[in-house]
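Text of the file data_30.txt, holding compact mmCIF, C-alpha atoms:
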# COMPACT_ATOMS: atom_id res chain seq x y z
CA MET R 1 18.47 55.48 -20.50
CA LYS R 2 18.58 54.59 -16.79
CA THR R 3 21.09 56.22 -14.50
CA ARG R 4 21.71 56.47 -10.76
CA ILE R 5 19.66 59.69 -10.84
CA CYS R 6 16.57 57.81 -12.09
CA GLU R 7 16.93 55.34 -9.23
CA LEU R 8 17.67 57.99 -6.63
CA LEU R 9 14.74 60.19 -7.56
CA GLN R 10 12.36 57.43 -8.72
CA ILE R 11 11.86 59.01 -12.14
CA LYS R 12 11.53 57.46 -15.59
CA TYR R 13 13.81 59.79 -17.55
CA PRO R 14 17.02 61.53 -16.41
CA ILE R 15 15.62 65.02 -16.98
CA ILE R 16 15.14 67.61 -14.28
CA GLN R 17 13.35 70.89 -14.72
CA GLY R 18 15.23 73.99 -13.59
CA GLY R 19 14.17 75.80 -10.42
CA MET R 20 13.28 79.09 -12.07
CA ALA R 21 11.74 81.70 -9.76
CA TRP R 22 8.19 82.78 -10.75
CA VAL R 23 8.24 80.31 -13.67
CA ALA R 24 8.62 77.00 -11.89
CA GLU R 25 5.24 76.77 -10.15
CA HIS R 26 2.87 73.87 -9.68
CA HIS R 27 1.51 73.61 -13.25
CA LEU R 28 4.94 73.28 -14.81
CA ALA R 29 6.39 71.10 -12.04
CA SER R 30 3.50 68.62 -12.10
CA ALA R 31 3.52 68.47 -15.91
CA VAL R 32 7.23 67.60 -15.97
CA SER R 33 6.80 64.99 -13.23
CA ASN R 34 3.78 63.48 -15.00
CA ALA R 35 5.88 63.21 -18.17
CA GLY R 36 8.52 61.16 -16.37
CA GLY R 37 11.06 63.85 -15.44
CA LEU R 38 11.49 65.61 -12.12
CA GLY R 39 9.44 68.78 -11.83
CA ILE R 40 10.64 71.48 -9.47
CA ILE R 41 8.76 74.24 -7.67
CA ALA R 42 11.02 77.26 -7.21
CA ALA R 43 10.55 78.99 -3.87
CA GLY R 44 12.53 82.05 -5.01
CA ASN R 45 11.74 84.91 -2.61
CA ALA R 46 8.16 83.77 -2.03
CA PRO R 47 6.82 83.59 1.52
CA VAL R 48 6.30 80.23 3.13
CA GLU R 49 2.49 80.08 2.78
CA VAL R 50 2.70 80.68 -0.98
CA VAL R 51 5.20 77.85 -1.33
CA ARG R 52 3.08 75.56 0.87
CA ALA R 53 0.07 76.17 -1.39
CA GLU R 54 2.19 75.46 -4.49
CA ILE R 55 3.39 72.15 -3.04
CA ARG R 56 -0.15 71.06 -2.16
CA LYS R 57 -1.52 72.02 -5.58
CA ALA R 58 1.28 70.10 -7.31
CA LYS R 59 0.42 67.03 -5.22
CA GLU R 60 -3.15 67.21 -6.51
CA LEU R 61 -1.90 67.23 -10.10
CA THR R 62 0.72 64.49 -9.91
CA LYS R 63 1.35 61.30 -8.00
CA ASN R 64 4.97 61.29 -9.12
CA PRO R 65 7.80 62.81 -7.07
CA PHE R 66 8.72 66.45 -7.55
CA GLY R 67 11.16 68.76 -5.84
CA VAL R 68 11.41 72.22 -4.36
CA ASN R 69 14.25 74.60 -5.15
CA ILE R 70 15.23 76.79 -2.21
CA MET R 71 17.02 80.03 -2.97
CA LEU R 72 19.26 80.36 0.07
CA LEU R 73 19.53 84.15 -0.11
CA SER R 74 15.76 84.45 0.32
CA PRO R 75 14.66 86.00 3.63
CA HIS R 76 12.34 82.98 3.94
CA ALA R 77 14.99 80.30 3.29
CA GLU R 78 15.01 79.05 6.87
CA THR R 79 11.23 78.59 7.16
CA ILE R 80 11.03 77.02 3.70
CA ALA R 81 13.80 74.61 4.69
CA ARG R 82 11.45 73.42 7.47
CA LEU R 83 8.37 73.57 5.25
CA VAL R 84 9.69 70.92 2.85
CA VAL R 85 10.01 68.55 5.81
CA GLU R 86 6.47 69.31 7.04
CA GLU R 87 5.00 68.85 3.57
CA ASP R 88 6.89 65.62 2.87
CA VAL R 89 8.65 66.89 -0.26
CA LYS R 90 10.85 64.18 -1.79
CA VAL R 91 13.66 66.23 -3.32
CA VAL R 92 15.27 69.57 -2.53
CA THR R 93 17.60 71.48 -4.79
CA THR R 94 19.31 74.61 -3.47
CA GLY R 95 20.82 77.64 -5.11
CA ALA R 96 22.70 80.82 -4.22
CA GLY R 97 24.79 79.46 -1.40
CA ASN R 98 25.69 76.59 0.84
CA PRO R 99 22.84 74.56 2.40
CA GLU R 100 24.98 72.56 4.83
CA LYS R 101 23.22 73.70 8.00
CA TYR R 102 19.94 72.17 6.80
CA ILE R 103 21.35 68.90 5.49
CA GLY R 104 21.03 66.99 8.80
CA MET R 105 17.36 67.89 9.15
CA TRP R 106 16.57 66.95 5.55
CA LYS R 107 18.44 63.63 5.75
CA GLU R 108 16.47 62.67 8.80
CA ALA R 109 13.27 63.33 6.87
CA GLY R 110 14.49 61.15 3.99
CA ILE R 111 14.62 64.07 1.55
CA LYS R 112 17.04 63.74 -1.36
CA ILE R 113 19.38 66.73 -1.33
CA ILE R 114 20.78 68.17 -4.54
CA PRO R 115 22.66 71.47 -4.23
CA VAL R 116 23.38 73.48 -7.37
CA VAL R 117 27.13 74.13 -7.56
CA ALA R 118 29.40 76.04 -9.90
CA SER R 119 32.81 74.83 -8.74
CA VAL R 120 34.66 71.62 -7.86
CA ALA R 121 35.38 72.74 -4.28
CA LEU R 122 31.73 73.33 -3.49
CA ALA R 123 30.75 70.01 -5.10
CA LYS R 124 33.30 68.17 -2.93
CA ARG R 125 32.14 69.99 0.17
CA MET R 126 28.49 69.13 -0.54
CA GLU R 127 29.38 65.48 -1.01
CA LYS R 128 31.25 65.48 2.28
CA TYR R 129 28.24 66.96 4.08
CA GLY R 130 25.91 64.30 2.71
CA ALA R 131 24.38 65.61 -0.53
CA ASP R 132 22.84 62.84 -2.65
CA ALA R 133 23.80 64.42 -5.97
CA VAL R 134 24.80 67.84 -7.31
CA VAL R 135 23.57 69.96 -10.16
CA ALA R 136 26.67 71.36 -11.86
CA GLU R 137 25.61 74.46 -13.71
CA GLY R 138 27.62 76.18 -16.41
CA CYS R 139 27.29 79.84 -17.36
CA GLU R 140 25.34 79.04 -20.54
CA ALA R 141 22.34 78.82 -18.22
CA GLY R 142 19.76 81.55 -17.76
CA GLY R 143 19.24 83.51 -14.56
CA HIS R 144 21.93 83.57 -11.87
CA ILE R 145 25.09 81.97 -13.18
CA GLY R 146 28.67 81.05 -12.31
CA GLU R 147 31.87 81.56 -14.23
CA LEU R 148 32.73 78.20 -15.83
CA THR R 149 31.10 76.70 -18.90
CA THR R 150 29.19 73.42 -18.81
CA MET R 151 31.77 71.85 -21.13
CA ALA R 152 34.63 72.62 -18.75
CA LEU R 153 32.81 72.24 -15.44
CA ILE R 154 31.04 68.87 -15.79
CA PRO R 155 34.00 66.54 -16.34
CA GLN R 156 36.00 68.22 -13.58
CA ILE R 157 33.18 67.77 -11.07
CA VAL R 158 32.48 64.23 -12.27
CA ASP R 159 36.12 63.37 -11.55
CA ALA R 160 36.06 65.04 -8.12
CA VAL R 161 32.99 63.40 -6.54
CA ASN R 162 31.44 59.93 -6.32
CA ILE R 163 27.82 61.07 -6.12
CA PRO R 164 25.96 61.47 -9.43
CA VAL R 165 26.21 64.76 -11.28
CA ILE R 166 23.32 66.48 -13.05
CA ALA R 167 24.48 68.87 -15.76
CA ALA R 168 22.78 72.22 -16.33
CA GLY R 169 23.36 75.13 -18.64
CA GLY R 170 23.10 74.92 -22.42
CA ILE R 171 20.99 71.78 -22.75
CA GLY R 172 18.12 72.43 -25.15
CA ASP R 173 17.64 69.19 -27.05
CA GLY R 174 18.72 65.56 -27.26
CA ARG R 175 22.15 66.48 -28.61
CA GLY R 176 22.79 68.56 -25.50
CA LEU R 177 21.68 65.76 -23.21
CA ALA R 178 23.85 63.23 -25.07
CA ALA R 179 26.77 65.66 -24.82
CA VAL R 180 26.58 66.00 -21.05
CA PHE R 181 26.27 62.21 -20.77
CA ALA R 182 29.50 62.00 -22.75
CA LEU R 183 31.04 64.35 -20.16
CA GLY R 184 30.02 61.99 -17.36
CA ALA R 185 26.77 63.52 -16.15
CA GLU R 186 23.88 61.20 -15.27
CA ALA R 187 21.02 63.61 -15.94
CA GLY R 188 20.37 66.99 -17.47
CA GLN R 189 18.59 69.95 -15.95
CA ILE R 190 16.60 71.92 -18.48
CA GLY R 191 15.14 75.39 -17.97
CA THR R 192 14.62 77.60 -21.01
CA ARG R 193 12.98 74.89 -23.13
CA PHE R 194 10.39 74.32 -20.39
CA VAL R 195 9.68 78.06 -20.11
CA VAL R 196 8.26 77.70 -23.60
CA SER R 197 5.92 74.79 -22.83
CA HIS R 198 2.12 74.73 -22.93
CA GLU R 199 1.99 74.13 -19.20
CA SER R 200 4.29 77.06 -18.36
CA ILE R 201 2.31 80.01 -16.97
CA VAL R 202 4.84 82.48 -18.38
CA HIS R 203 3.26 85.34 -20.36
CA ASP R 204 2.99 84.67 -24.12
CA ASN R 205 5.13 87.75 -24.88
CA TYR R 206 8.02 86.20 -22.94
CA LYS R 207 7.63 82.84 -24.68
CA LYS R 208 7.49 84.58 -28.05
CA LYS R 209 10.71 86.46 -27.27
CA ILE R 210 12.53 83.21 -26.55
CA ILE R 211 11.20 81.58 -29.72
CA GLU R 212 12.29 84.57 -31.79
CA SER R 213 15.71 84.99 -30.21
CA LYS R 214 18.98 84.20 -31.95
CA ASP R 215 22.20 82.73 -30.58
CA ILE R 216 23.66 86.07 -29.53
CA ASP R 217 20.54 87.55 -27.97
CA SER R 218 21.33 86.96 -24.31
CA ALA R 219 23.45 89.24 -22.14
CA VAL R 220 24.97 88.97 -18.68
CA THR R 221 24.31 91.81 -16.28
CA GLY R 222 25.81 92.28 -12.83
CA ARG R 223 29.27 90.81 -13.43
CA SER R 224 30.76 93.75 -11.49
CA THR R 225 28.49 93.17 -8.49
CA GLY R 226 29.44 89.52 -8.11
CA HIS R 227 25.87 88.42 -8.93
CA PRO R 228 25.83 87.85 -12.69
CA VAL R 229 22.46 87.14 -14.33
CA ARG R 230 21.80 86.01 -17.91
CA SER R 231 18.70 87.30 -19.68
CA LEU R 232 17.58 88.25 -23.17
CA ARG R 233 18.78 91.66 -24.32
CA ASN R 234 16.23 94.44 -24.05
CA ASN R 235 15.89 97.95 -22.72
CA MET R 236 16.46 96.77 -19.15
CA THR R 237 19.75 94.97 -19.88
CA ARG R 238 21.04 97.87 -21.98
CA GLU R 239 20.24 100.37 -19.23
CA TYR R 240 21.78 98.10 -16.60
CA LEU R 241 24.99 97.55 -18.55
CA LYS R 242 25.33 101.27 -19.19
CA LEU R 243 24.98 102.08 -15.49
CA GLU R 244 27.24 99.19 -14.56
CA LYS R 245 29.95 100.50 -16.86
CA ALA R 246 29.59 103.93 -15.25
CA GLY R 247 30.33 102.38 -11.85
CA THR R 248 26.83 102.66 -10.38
CA SER R 249 26.52 101.13 -6.90
CA PHE R 250 25.14 97.64 -6.34
CA GLU R 251 22.18 99.07 -4.39
CA GLU R 252 21.14 101.35 -7.24
CA LEU R 253 21.51 98.58 -9.80
CA GLU R 254 19.37 96.34 -7.61
CA LEU R 255 16.62 98.95 -7.68
CA LEU R 256 16.63 98.80 -11.46
CA THR R 257 15.95 95.06 -11.47
CA LEU R 258 13.62 94.95 -8.48
CA GLY R 259 10.45 93.14 -9.54
CA SER R 260 11.64 92.91 -13.14
CA LEU R 261 11.36 89.13 -13.37
CA LYS R 262 7.74 89.30 -12.23
CA LYS R 263 7.19 92.05 -14.81
CA ALA R 264 8.37 89.70 -17.55
CA VAL R 265 6.70 86.49 -16.37
CA VAL R 266 3.35 87.82 -15.17
CA GLU R 267 2.82 91.07 -17.08
CA GLY R 268 4.68 90.12 -20.27
CA ASP R 269 6.75 93.32 -20.21
CA THR R 270 9.50 92.45 -22.69
CA VAL R 271 10.95 95.98 -22.70
CA ASN R 272 11.73 96.56 -19.04
CA GLY R 273 11.20 93.09 -17.63
CA SER R 274 13.96 90.59 -16.92
CA LEU R 275 13.63 87.91 -19.61
CA MET R 276 15.85 85.33 -18.00
CA ALA R 277 16.88 82.67 -20.51
CA GLY R 278 19.90 80.57 -21.35
CA GLN R 279 22.21 80.80 -24.36
CA ILE R 280 20.20 77.93 -25.77
CA ALA R 281 17.21 80.27 -26.35
CA GLY R 282 18.18 80.54 -30.02
CA LEU R 283 17.57 76.81 -30.36
CA VAL R 284 14.03 76.88 -28.99
CA SER R 285 11.72 77.21 -31.97
CA LYS R 286 8.25 76.18 -30.83
CA GLU R 287 5.92 75.75 -27.91
CA GLN R 288 5.20 72.12 -26.98
CA SER R 289 3.82 70.17 -24.05
CA CYS R 290 6.28 69.04 -21.39
CA LYS R 291 5.61 65.45 -22.44
CA GLU R 292 6.51 66.18 -26.07
CA ILE R 293 9.63 68.06 -25.02
CA ILE R 294 10.87 65.28 -22.75
CA GLU R 295 10.08 62.41 -25.13
CA GLU R 296 11.67 64.22 -28.06
CA ILE R 297 14.86 64.94 -26.09
CA ILE R 298 15.13 61.37 -24.77
CA GLU R 299 14.56 59.82 -28.18
CA GLU R 300 17.14 62.05 -29.82
CA ALA R 301 19.70 61.45 -27.09
CA ASN R 302 19.12 57.70 -27.20
CA THR R 303 19.71 57.61 -30.95
CA ILE R 304 22.97 59.50 -30.61
CA LEU R 305 24.24 57.43 -27.69
CA LYS R 306 23.35 54.19 -29.48
CA VAL R 307 25.38 55.24 -32.47
CA ARG R 308 28.24 55.84 -30.07
CA ASP R 309 27.91 52.32 -28.61
CA MET S 1 51.42 78.70 11.89
CA LEU S 2 51.41 82.04 10.06
CA GLU S 3 53.95 80.89 7.49
CA ASN S 4 52.03 77.73 6.74
CA ILE S 5 48.71 79.57 6.50
CA LYS S 6 50.28 82.10 4.16
CA LYS S 7 51.44 79.30 1.93
CA ILE S 8 47.95 77.80 1.75
CA ILE S 9 46.39 81.19 1.02
CA ALA S 10 48.94 82.01 -1.65
CA ASP S 11 48.30 78.63 -3.26
CA GLN S 12 44.52 78.81 -3.20
CA LEU S 13 44.05 82.46 -4.11
CA ASN S 14 46.94 82.72 -6.55
CA VAL S 15 48.61 85.63 -4.76
CA GLN S 16 52.22 86.24 -3.70
CA GLU S 17 53.03 85.31 -0.10
CA SER S 18 54.60 88.74 0.31
CA GLU S 19 51.23 90.38 -0.33
CA ILE S 20 49.65 88.58 2.60
CA GLN S 21 49.57 90.42 5.93
CA LEU S 22 48.07 89.36 9.25
CA THR S 23 45.31 91.91 8.76
CA SER S 24 44.65 91.07 5.09
CA SER S 25 40.99 90.52 4.33
CA PHE S 26 40.42 87.71 1.82
CA LYS S 27 37.67 89.53 0.00
CA GLU S 28 38.81 93.16 0.21
CA ASP S 29 42.59 92.83 0.01
CA LEU S 30 43.18 89.53 -1.75
CA GLY S 31 40.27 89.64 -4.20
CA ALA S 32 38.66 86.36 -3.18
CA ASP S 33 35.05 85.64 -4.14
CA SER S 34 32.75 83.17 -2.40
CA LEU S 35 33.98 80.24 -4.49
CA ASP S 36 37.60 81.08 -3.62
CA LEU S 37 36.70 81.15 0.06
CA PHE S 38 35.28 77.63 -0.13
CA GLU S 39 38.43 76.49 -1.85
CA LEU S 40 40.49 78.05 0.94
CA VAL S 41 38.33 76.66 3.75
CA MET S 42 38.51 73.16 2.29
CA ALA S 43 42.30 73.40 2.08
CA ILE S 44 42.55 74.59 5.68
CA GLU S 45 40.22 71.83 6.87
CA GLU S 46 42.40 69.26 5.17
CA GLU S 47 45.70 70.68 6.42
CA TYR S 48 44.65 71.07 10.06
CA GLU S 49 42.10 68.23 10.22
CA VAL S 50 39.29 70.45 11.47
CA GLU S 51 35.69 70.97 10.38
CA ILE S 52 34.71 74.52 9.59
CA PRO S 53 30.91 74.83 9.29
CA ALA S 54 29.49 77.46 6.95
CA GLU S 55 28.15 79.52 9.88
CA ASP S 56 31.72 80.15 11.01
CA LEU S 57 32.86 81.56 7.68
CA ALA S 58 31.86 85.08 8.70
CA ASN S 59 34.38 84.95 11.57
CA ILE S 60 37.32 84.16 9.37
CA ALA S 61 37.37 87.02 6.93
CA THR S 62 41.04 87.83 7.57
CA VAL S 63 44.33 86.00 8.02
CA GLU S 64 44.41 86.67 11.76
CA GLY S 65 40.78 85.59 11.90
CA VAL S 66 41.79 82.17 10.57
CA ILE S 67 44.64 81.86 13.04
CA SER S 68 42.57 82.72 16.09
CA TYR S 69 39.75 80.49 14.83
CA LEU S 70 42.13 77.55 14.53
CA LYS S 71 43.61 78.26 17.97
CA ASP S 72 40.09 78.26 19.45
CA LYS S 73 39.56 74.88 17.83
CA GLY S 74 42.65 73.62 19.66
CA VAL S 75 45.02 73.55 16.72
CA GLU S 76 48.62 73.83 17.97
CA ALA S 77 50.52 76.86 16.77
For this file, write the structure as C-alpha cells.
Amino acid sequence: MKTRICELLQIKYPIIQGGMAWVAEHHLASAVSNAGGLGIIAAGNAPVEVVRAEIRKAKELTKNPFGVNIMLLSPHAETIARLVVEEDVKVVTTGAGNPEKYIGMWKEAGIKIIPVVASVALAKRMEKYGADAVVAEGCEAGGHIGELTTMALIPQIVDAVNIPVIAAGGIGDGRGLAAVFALGAEAGQIGTRFVVSHESIVHDNYKKKIIESKDIDSAVTGRSTGHPVRSLRNNMTREYLKLEKAGTSFEELELLTLGSLKKAVVEGDTVNGSLMAGQIAGLVSKEQSCKEIIEEIIEEANTILKVRD
Amino acid sequence: MLENIKKIIADQLNVQESEIQLTSSFKEDLGADSLDLFELVMAIEEEYEVEIPAEDLANIATVEGVISYLKDKGVEA
C-alpha cells in the first residue's frame, strides 16, 4: 500500500495521526512514527518553549519523521511557525485558517506543508501557494470541524487538485481507510482511535468514555458561533447547547469551554470536560498499542482493496 | 466594474444582484463565512488576474472595499 504520501513523507504506511491539542504530544507522536505512520505533535495554544521541548523529546524517542500541527488562531502561531524551521521539523500540518504567509519560509527550509482544509476553494488555493498535500477533513471528525462530510468532500477535492489528498474524519478501521482510498485519497488521518492507544497520555476516564460510547453519543456545539466542535455528550455539551439555543453570546459560551479540553485530557473530568472525539467513537472498542492499531488497519484495508482488484 | 463585481459576488455567495450594495459587508449583510470569502477571493483573482494575499483579506470586507483594492492594484475600471 504505497502512495505518493508515503514517498513524500518517507513513511511506511499511509496513516497520519491527527493533530489533537493536548492529546498529540511526544509519546503518541513518536509511537505512531515508530510504527510506520506519521506522528504529529499538536501545538494547540501552547507557548513556544513547551512545543520546542515536545519536539526534542519526540526526536529522542524516534528516528523516523514526524510532524507538528500549528493551530493558526493560537497567539503563538507566528513564533511556532519559526520554531519548526529552527528545530528542523520535517512536516507541518496547519489548522484553523490559511497558512499562506508562512509557506515561503517553510519551503526554503525543506519542510513538507500540509494544510487541513474543509472546502475545494481552500484546497485549490493551498495548492497554488505551494502546499505539498492537503488533509481534507469531513465533519465526522472530532474537535473543530467543517460543514461537509468526508464522503462528499474527498472526491470533490481529489478532482480539484493535483497534489495528494489525505482524508480525515470518520476513519476508524481498515474499512474506513479502504473507503477513502476508493474516493481517491492517498492516506488517512486518524484521531479518535489513537486517543485510545497505550501510548496516549489521555486520562483513563476519557479513554473509557470513548470505548463505551455508541454511534449517537457525539454532539456538535458552537454551530451558531461559526466555530463548531464535536465532542462526546456530557454535562458540558448539554449546558452549552442550552445556552446556545437561548442566544448566549460567543464570549460567554467561550468562558464555558475555557480549559475544558485540558480538564478532560489531564484531569479525566468526563462531566464538565470537553471529550473531543469523532463520530467513529462508537467503533472503538479496545485500547491497543499504536503499532497494533496501524498494522490492523493496514491489513484490513489491504484485504478489502485486493478483493476489489 | 461594479456590475461585474456584483455578478461575481451573486454567483459565489448565492445572493440576488439586487441585494448587493456598494456598502454591503460580505459577512454582515450577505451572510458569507470564511470559506465563502475564499471562494469569492479566488473568483476575483481569476477574473482580474491579480493575487490577493491572505493579509489583505481584512481590507476587503465590503463591495466598495474590493473595488478600491482592485483599483490600488492597477486594475482598470
Give one line per residue of chain R that approaches chain S to at most 10 Å, naming the two atoms of the closest pair and their distance in Å to one decimal, counting only C-alpha atoms; sort by chain then ascending residue number and deliver it as JSON lines.
{"residue": "R:Gly97", "atom": "CA", "partner": "S:Ser34", "partner_atom": "CA", "distance": 8.8}
{"residue": "R:Asn98", "atom": "CA", "partner": "S:Ala54", "partner_atom": "CA", "distance": 7.2}
{"residue": "R:Pro99", "atom": "CA", "partner": "S:Ala54", "partner_atom": "CA", "distance": 8.6}
{"residue": "R:Glu100", "atom": "CA", "partner": "S:Ala54", "partner_atom": "CA", "distance": 7.0}
{"residue": "R:Lys101", "atom": "CA", "partner": "S:Ala54", "partner_atom": "CA", "distance": 7.4}
{"residue": "R:Val117", "atom": "CA", "partner": "S:Leu35", "partner_atom": "CA", "distance": 9.7}
{"residue": "R:Ala118", "atom": "CA", "partner": "S:Leu35", "partner_atom": "CA", "distance": 8.2}
{"residue": "R:Ser119", "atom": "CA", "partner": "S:Leu35", "partner_atom": "CA", "distance": 7.0}
{"residue": "R:Val120", "atom": "CA", "partner": "S:Glu39", "partner_atom": "CA", "distance": 8.6}
{"residue": "R:Ala121", "atom": "CA", "partner": "S:Glu39", "partner_atom": "CA", "distance": 5.4}
{"residue": "R:Leu122", "atom": "CA", "partner": "S:Phe38", "partner_atom": "CA", "distance": 6.5}
{"residue": "R:Lys124", "atom": "CA", "partner": "S:Met42", "partner_atom": "CA", "distance": 8.9}
{"residue": "R:Arg125", "atom": "CA", "partner": "S:Met42", "partner_atom": "CA", "distance": 7.4}
{"residue": "R:Tyr129", "atom": "CA", "partner": "S:Pro53", "partner_atom": "CA", "distance": 9.8}
{"residue": "R:Gly146", "atom": "CA", "partner": "S:Leu35", "partner_atom": "CA", "distance": 9.5}
{"residue": "R:Gly226", "atom": "CA", "partner": "S:Asp33", "partner_atom": "CA", "distance": 7.9}
- Message: as a VMD selection string, please: the residues near Ala21 (chain R) (cut-off 7 Å, only C-alpha atoms, same-chain neighbours under 3 positions excluded).
- Response: chain R and resid 24 42 to 44
Put those residues in a file: C-alpha atoms, as an mmCIF file, in the coordinates of the input.
data_model
loop_
_atom_site.group_PDB
_atom_site.id
_atom_site.type_symbol
_atom_site.label_atom_id
_atom_site.label_comp_id
_atom_site.auth_asym_id
_atom_site.auth_seq_id
_atom_site.Cartn_x
_atom_site.Cartn_y
_atom_site.Cartn_z
ATOM 1 C CA ALA R 24 8.620 77.000 -11.890
ATOM 2 C CA ALA R 42 11.020 77.260 -7.210
ATOM 3 C CA ALA R 43 10.550 78.990 -3.870
ATOM 4 C CA GLY R 44 12.530 82.050 -5.010
#
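The residue that comes closest to Leu22 (chain S), out of S:Asp56, S:Glu64, S:Glu3, S:Glu49 and on the basis of all atoms listed in the file, is S:Glu64.
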- List the residues sitting within 12 Å of (46.4, 80.5, 13.6) in the file's frame, using only C-alpha atoms, as a PyMOL selection string. chain S and resi 1-6+22+44+48+60+62-77
Neighbours of His198 (chain R) within 8 Å (only C-alpha atoms; same-chain residues fewer than 6 positions away dropped), as an mmCIF file with C-alpha atoms, keeping the file's coordinate frame?
data_model
loop_
_atom_site.group_PDB
_atom_site.id
_atom_site.type_symbol
_atom_site.label_atom_id
_atom_site.label_comp_id
_atom_site.auth_asym_id
_atom_site.auth_seq_id
_atom_site.Cartn_x
_atom_site.Cartn_y
_atom_site.Cartn_z
ATOM 1 C CA GLU R 287 5.920 75.750 -27.910
ATOM 2 C CA GLN R 288 5.200 72.120 -26.980
ATOM 3 C CA SER R 289 3.820 70.170 -24.050
ATOM 4 C CA CYS R 290 6.280 69.040 -21.390
#
- Would you list the residues near (6.2, 76.2, -1.6), meaning any protein, DNA or RNA residue with an atom at most 8 Å from that point in file coordinates, counting only C-alpha atoms, as a PyMOL selection string? chain R and resi 41-43+46+48-55+68+80+83-84
Saved selection, atoms kept: C-alpha atoms, as a PDB file, keeping the file's coordinate frame:
ATOM      1  CA  ILE R  41       8.760  74.240  -7.670  1.00  0.00           C
ATOM      2  CA  ALA R  42      11.020  77.260  -7.210  1.00  0.00           C
ATOM      3  CA  ALA R  43      10.550  78.990  -3.870  1.00  0.00           C
ATOM      4  CA  ALA R  46       8.160  83.770  -2.030  1.00  0.00           C
ATOM      5  CA  VAL R  48       6.300  80.230   3.130  1.00  0.00           C
ATOM      6  CA  GLU R  49       2.490  80.080   2.780  1.00  0.00           C
ATOM      7  CA  VAL R  50       2.700  80.680  -0.980  1.00  0.00           C
ATOM      8  CA  VAL R  51       5.200  77.850  -1.330  1.00  0.00           C
ATOM      9  CA  ARG R  52       3.080  75.560   0.870  1.00  0.00           C
ATOM     10  CA  ALA R  53       0.070  76.170  -1.390  1.00  0.00           C
ATOM     11  CA  GLU R  54       2.190  75.460  -4.490  1.00  0.00           C
ATOM     12  CA  ILE R  55       3.390  72.150  -3.040  1.00  0.00           C
ATOM     13  CA  VAL R  68      11.410  72.220  -4.360  1.00  0.00           C
ATOM     14  CA  ILE R  80      11.030  77.020   3.700  1.00  0.00           C
ATOM     15  CA  LEU R  83       8.370  73.570   5.250  1.00  0.00           C
ATOM     16  CA  VAL R  84       9.690  70.920   2.850  1.00  0.00           C
TER      17      VAL R  84
END
- Long-range neighbours of Ile114 (chain R) as a VMD selection string, 9 Å cut-off, all atoms listed in the file, 2 positions minimum in chain: chain R and resid 91 to 94 112 116 126 131 to 135
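From CA of Lys57 (chain R) back to CA of Glu86 (chain R), the distance works out to 15.2 Å.
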- region 237-240 of chain R surroundings by all atoms listed in the file, 10 Å radius, close-in-sequence under 6 positions cut, as a list in words: Ser218, Ala219, Val220, Thr221, Gly222, Val229, Arg230, Ser231, Ala246, Thr248, Glu252, Leu253, Glu254, Leu256, Thr257, Val271, Asn272, Gly273, Ser274 and Leu275 of chain R
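Note that CA of Leu255 (chain R) and CA of Glu28 (chain S) are 24.3 Å apart.
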- For the atom pair CA of Gly174 (chain R) and CA of Glu296 (chain R), what is the interatomic distance in Å to one decimal place? 7.2 Å
- Message: Show me, as a VMD selection string, the residues that have an atom within 10 Å of Asp29 (chain S) when counting all atoms listed in the file, minus same-chain residues fewer than 3 positions from it.
- Response: chain S and resid 19 to 21 23 to 26 32 62
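Taking all atoms listed in the file into account, Leu28 (chain R) lies nearest to R:Phe194 out of the set R:Tyr206, R:Trp106, R:Phe194, R:Phe250.
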Grab all the atoms of region 76-89 of chain R that the file lists, wrap them in a box along x, y and z, add 3 Å per side, and give me centre plus edge lengths in Å (one decimal) as AutoDock Vina command-line options.
--center_x 10.0 --center_y 74.3 --center_z 3.6 --size_x 16.0 --size_y 23.4 --size_z 13.7
